[in-house]
Amino acid sequence: MKSNLLLLITLITFFHFSYAQEKPNILFISVDDLNDFPSYANRYEGAITPNLDKLANQGTVFNNAYSQYAVCGPSRASVMSGFYPHKLSGSLNEDDNVQESTQALGSELMHTWFRNNGYKTLAVGKILHSHLPKGTLDDSGGRGLFSSGLGKLQRNWHQNGTMTDWAMDPESDEQMPDHQAANWAVNQLNKKHDKPFFLMVGFLRPHNPWYVPKKWWDMYDREKITLPPYKKDDLDDIPKMGLKNIKDQMPRTEWAIETDQWRSIVHSYLASITFVDHQIGKVLKALEESEYSDNTIIVLWSDHGYHMGEKNTIQKATLWERSTHVPLLFAGHGIPKGKSSNRVVSLLDIYPTLLEMSGLPKNSKNEGRSLLPLIKNPSGEWPYPSVTGYGEDCYAVQNERYHYIKYADGSEELYDHKKDPNEWTNLAENQNMSKIKANLARYIPESKSN
């Protein structure tokens, strides 16, 4: 009798372990302030991103992915909670507030949902705005600071209210938080895990200050760098409330041209991208060489885009394409290789996608949609626009052709990306566009003041 009981316990333990191991691991990579410059995106000429390009070729790329908010904290809160930012309360730059707000809405943060369903949760770097709430991780490598170990700010740009600056600093990669984060993640991938893991790796670059060691700058010839498209009178048809989004503390393109700094600014941003591409490559190489290589789903995303001179500014925090459009790709276990989709998708879609791909119970509170149908059929039907907010009751709605912006005072912008990908001509006053505007306006959330 005793031997039979021991046999039963052994079998139960074996099948439980086997079941757990059948669930795919998740490698969840976020990159701060990364726009669509990586080479695989085919939007910008000249970025050196071999590891991102390799990953894109090994998976499915979403060419038209959009953030739900045009700055870090609310965007990341949306990704991790599964809710639009305007549904969440409290400061979305505070991890505990995001967790409490998510739970008040009857849900859990993404990694907590995985943890509650048998996953080991591991994280390093910037995931939410700070890191992640205490008590939600099985192991943590901490976050790091944007300028940790670096020299004094404001060498080239002397304005309060921003960390914007550019320089060849520090001397070595070892002094950079992202180098340390990558090494921590590599160490995790070299360990034996008795449960499937949800490993989150948040890289800080290319968030400003754009400080990276000289060797990354030296990979580019400054004089051959491609400058982004710029039109001097681009802002002539922008409503006053739209112009208010251009931040006084940020460099203007006209200033950068007059002072011969524009090329240096773009150079510093590119050097930061290539630096972080290398760190991502270390993590991907460790995964490829590990026992988990055949059973891990990889998702890579950025929290929002970034203007590098378009609209006469160098900043995030606008509702134009440059601030809202983001990289998003999936690779690894069960993901078709070398595929891409032009359907408009949202960062909100990451949460339900990973749940479905992992075979976990759905979270009925998720406001996004699983992208698995598009991963299986990238050109399949997908009639859902993306909605991005910034500020109080200001929103952008993007479908596969049109980008519509409505500000809190009722002023509007409309761009036809088929004819005007640079968003140089505001069509909002064109009477022939009234039906298009009305159709897109249906997706704008109801004003909080109503």
# chains A, B, ... in the order shown; residues from 1 in each chain; ligands from 1
>>> select_by_dssp(residues="stretch 45-247 of chain A", states="helix (DSSP H, G or I)", output="VMD selection string")
chain A and resid 50 to 57 72 to 81 85 to 87 95 to 104 110 to 116 173 to 175 177 to 189 214 to 217 222 to 224 234 to 237 240 to 243
>>> residues_around(residues="A:Arg76", least_positions_apart="3", cutoff="12 Å", atoms="only C-alpha atoms", output="PyMOL selection string")
chain A and resi 30-33+67-73+79-85+88+92-95+98-99+109-110+126-132+202+301-304+347-348+350-351
>>> closest_residue(among="A:Ser340, A:Gln180, A:Asn208, A:Asn187", to="A:Ala286", atoms="only C-alpha atoms")
A:Asn187
>>> atom_distance(atom1="atom CA of A:Asn190", atom2="atom CA of A:Tyr119")
17.3 Å
>>> residues_around(residues="stretch 433-445 of chain A", least_positions_apart="3", cutoff="7 Å", atoms="only C-alpha atoms", output="list in words")
Tyr395, Val397, Tyr404, Ala428 and Asn430 of chain A
>>> residues_around(residues="stretch 219-233 of chain A", least_positions_apart="4", cutoff="7 Å", atoms="only C-alpha atoms", output="ChimeraX atom specification")
/A:45-46,215,263,267,308-311
>>> residues_around(residues="A:Ser172", least_positions_apart="5", cutoff="9 Å", atoms="only C-alpha atoms", output="MDAnalysis selection string")
chainID A and resid 212:215
>>> decode(residues="stretch 274-316 of chain A", atoms="N, CA and C atoms", output="CSV table (one decimal), in the first residue's frame")
chain,number,residue,atom,x,y,z
A,274,THR,N,22.6,51.3,-31.7
A,274,THR,CA,23.5,50.2,-32.0
A,274,THR,C,24.1,49.6,-30.8
A,275,PHE,N,24.3,50.5,-29.8
A,275,PHE,CA,24.8,49.9,-28.5
A,275,PHE,C,23.7,49.0,-27.9
A,276,VAL,N,22.5,49.4,-27.9
A,276,VAL,CA,21.5,48.5,-27.3
A,276,VAL,C,21.2,47.3,-28.1
A,277,ASP,N,21.3,47.4,-29.4
A,277,ASP,CA,21.2,46.3,-30.3
A,277,ASP,C,22.2,45.2,-29.9
A,278,HIS,N,23.4,45.6,-29.6
A,278,HIS,CA,24.5,44.7,-29.2
A,278,HIS,C,24.1,44.0,-27.8
A,279,GLN,N,23.5,44.8,-26.9
A,279,GLN,CA,23.1,44.1,-25.6
A,279,GLN,C,22.0,43.1,-25.9
A,280,ILE,N,21.1,43.5,-26.7
A,280,ILE,CA,20.0,42.5,-27.1
A,280,ILE,C,20.6,41.3,-27.7
A,281,GLY,N,21.6,41.5,-28.5
A,281,GLY,CA,22.2,40.3,-29.2
A,281,GLY,C,22.8,39.4,-28.2
A,282,LYS,N,23.4,39.9,-27.1
A,282,LYS,CA,24.0,39.0,-26.1
A,282,LYS,C,22.9,38.1,-25.5
A,283,VAL,N,21.8,38.7,-25.2
A,283,VAL,CA,20.7,38.0,-24.6
A,283,VAL,C,20.2,36.9,-25.5
A,284,LEU,N,20.0,37.3,-26.8
A,284,LEU,CA,19.5,36.4,-27.8
A,284,LEU,C,20.5,35.2,-28.0
A,285,LYS,N,21.7,35.5,-28.0
A,285,LYS,CA,22.8,34.5,-28.2
A,285,LYS,C,22.7,33.5,-27.0
A,286,ALA,N,22.6,34.0,-25.8
A,286,ALA,CA,22.5,33.2,-24.7
A,286,ALA,C,21.3,32.2,-24.7
A,287,LEU,N,20.2,32.8,-25.2
A,287,LEU,CA,19.0,32.0,-25.4
A,287,LEU,C,19.2,30.9,-26.4
A,288,GLU,N,19.8,31.3,-27.5
A,288,GLU,CA,20.0,30.3,-28.6
A,288,GLU,C,20.9,29.2,-28.2
A,289,GLU,N,21.9,29.5,-27.3
A,289,GLU,CA,22.8,28.4,-26.8
A,289,GLU,C,22.3,27.7,-25.6
A,290,SER,N,21.1,28.0,-25.1
A,290,SER,CA,20.6,27.4,-23.9
A,290,SER,C,19.7,26.3,-24.2
A,291,GLU,N,19.3,25.5,-23.2
A,291,GLU,CA,18.4,24.4,-23.3
A,291,GLU,C,16.9,24.9,-23.6
A,292,TYR,N,16.7,26.3,-23.5
A,292,TYR,CA,15.4,26.8,-23.7
A,292,TYR,C,15.1,27.3,-25.1
A,293,SER,N,16.1,27.2,-26.0
A,293,SER,CA,16.0,27.8,-27.3
A,293,SER,C,14.8,27.4,-28.1
A,294,ASP,N,14.4,26.1,-28.0
A,294,ASP,CA,13.3,25.6,-28.8
A,294,ASP,C,11.9,25.8,-28.2
A,295,ASN,N,11.9,26.3,-27.0
A,295,ASN,CA,10.6,26.4,-26.3
A,295,ASN,C,10.4,27.8,-25.6
A,296,THR,N,10.9,28.8,-26.3
A,296,THR,CA,10.7,30.2,-25.8
A,296,THR,C,10.1,31.1,-26.8
A,297,ILE,N,9.1,31.9,-26.4
A,297,ILE,CA,8.5,32.9,-27.2
A,297,ILE,C,9.2,34.2,-26.9
A,298,ILE,N,9.6,34.9,-27.9
A,298,ILE,CA,10.3,36.2,-27.8
A,298,ILE,C,9.3,37.3,-28.3
A,299,VAL,N,9.1,38.4,-27.5
A,299,VAL,CA,8.4,39.5,-27.9
A,299,VAL,C,9.3,40.7,-27.6
A,300,LEU,N,9.5,41.6,-28.6
A,300,LEU,CA,10.3,42.8,-28.5
A,300,LEU,C,9.4,44.0,-28.9
A,301,TRP,N,9.5,45.1,-28.0
A,301,TRP,CA,8.6,46.2,-28.3
A,301,TRP,C,9.3,47.5,-27.7
A,302,SER,N,8.8,48.6,-28.1
A,302,SER,CA,9.2,49.9,-27.5
A,302,SER,C,8.0,50.6,-27.1
A,303,ASP,N,8.2,51.5,-26.0
A,303,ASP,CA,7.0,52.1,-25.4
A,303,ASP,C,6.4,53.3,-26.2
A,304,HIS,N,7.1,53.9,-27.1
A,304,HIS,CA,6.6,54.9,-28.0
A,304,HIS,C,7.7,55.3,-29.0
A,305,GLY,N,7.4,56.1,-29.9
A,305,GLY,CA,8.4,56.6,-30.9
A,305,GLY,C,9.2,57.8,-30.5
A,306,TYR,N,9.8,58.5,-31.4
A,306,TYR,CA,10.6,59.7,-31.1
A,306,TYR,C,10.8,60.5,-32.3
A,307,HIS,N,10.6,61.8,-32.2
A,307,HIS,CA,10.9,62.7,-33.3
A,307,HIS,C,12.4,63.0,-33.3
A,308,MET,N,13.0,62.9,-34.4
A,308,MET,CA,14.5,63.2,-34.5
A,308,MET,C,14.6,64.4,-35.5
A,309,GLY,N,13.7,65.3,-35.5
A,309,GLY,CA,13.8,66.5,-36.4
A,309,GLY,C,12.5,66.8,-37.1
A,310,GLU,N,11.7,65.7,-37.3
A,310,GLU,CA,10.4,65.9,-37.9
A,310,GLU,C,9.5,66.9,-37.1
A,311,LYS,N,8.7,67.7,-37.7
A,311,LYS,CA,7.8,68.6,-37.1
A,311,LYS,C,8.6,69.7,-36.3
A,312,ASN,N,9.8,69.9,-36.7
A,312,ASN,CA,10.7,71.0,-36.1
A,312,ASN,C,10.9,70.7,-34.6
A,313,THR,N,11.1,69.4,-34.2
A,313,THR,CA,11.4,69.1,-32.8
A,313,THR,C,12.1,67.8,-32.7
A,314,ILE,N,12.8,67.7,-31.6
A,314,ILE,CA,13.5,66.5,-31.2
A,314,ILE,C,12.9,66.0,-29.8
A,315,GLN,N,11.9,65.1,-29.8
A,315,GLN,CA,11.2,64.8,-28.6
A,315,GLN,C,10.3,63.6,-28.9
A,316,LYS,N,9.6,63.2,-27.8
A,316,LYS,CA,8.5,62.3,-27.8
A,316,LYS,C,7.3,63.2,-27.5
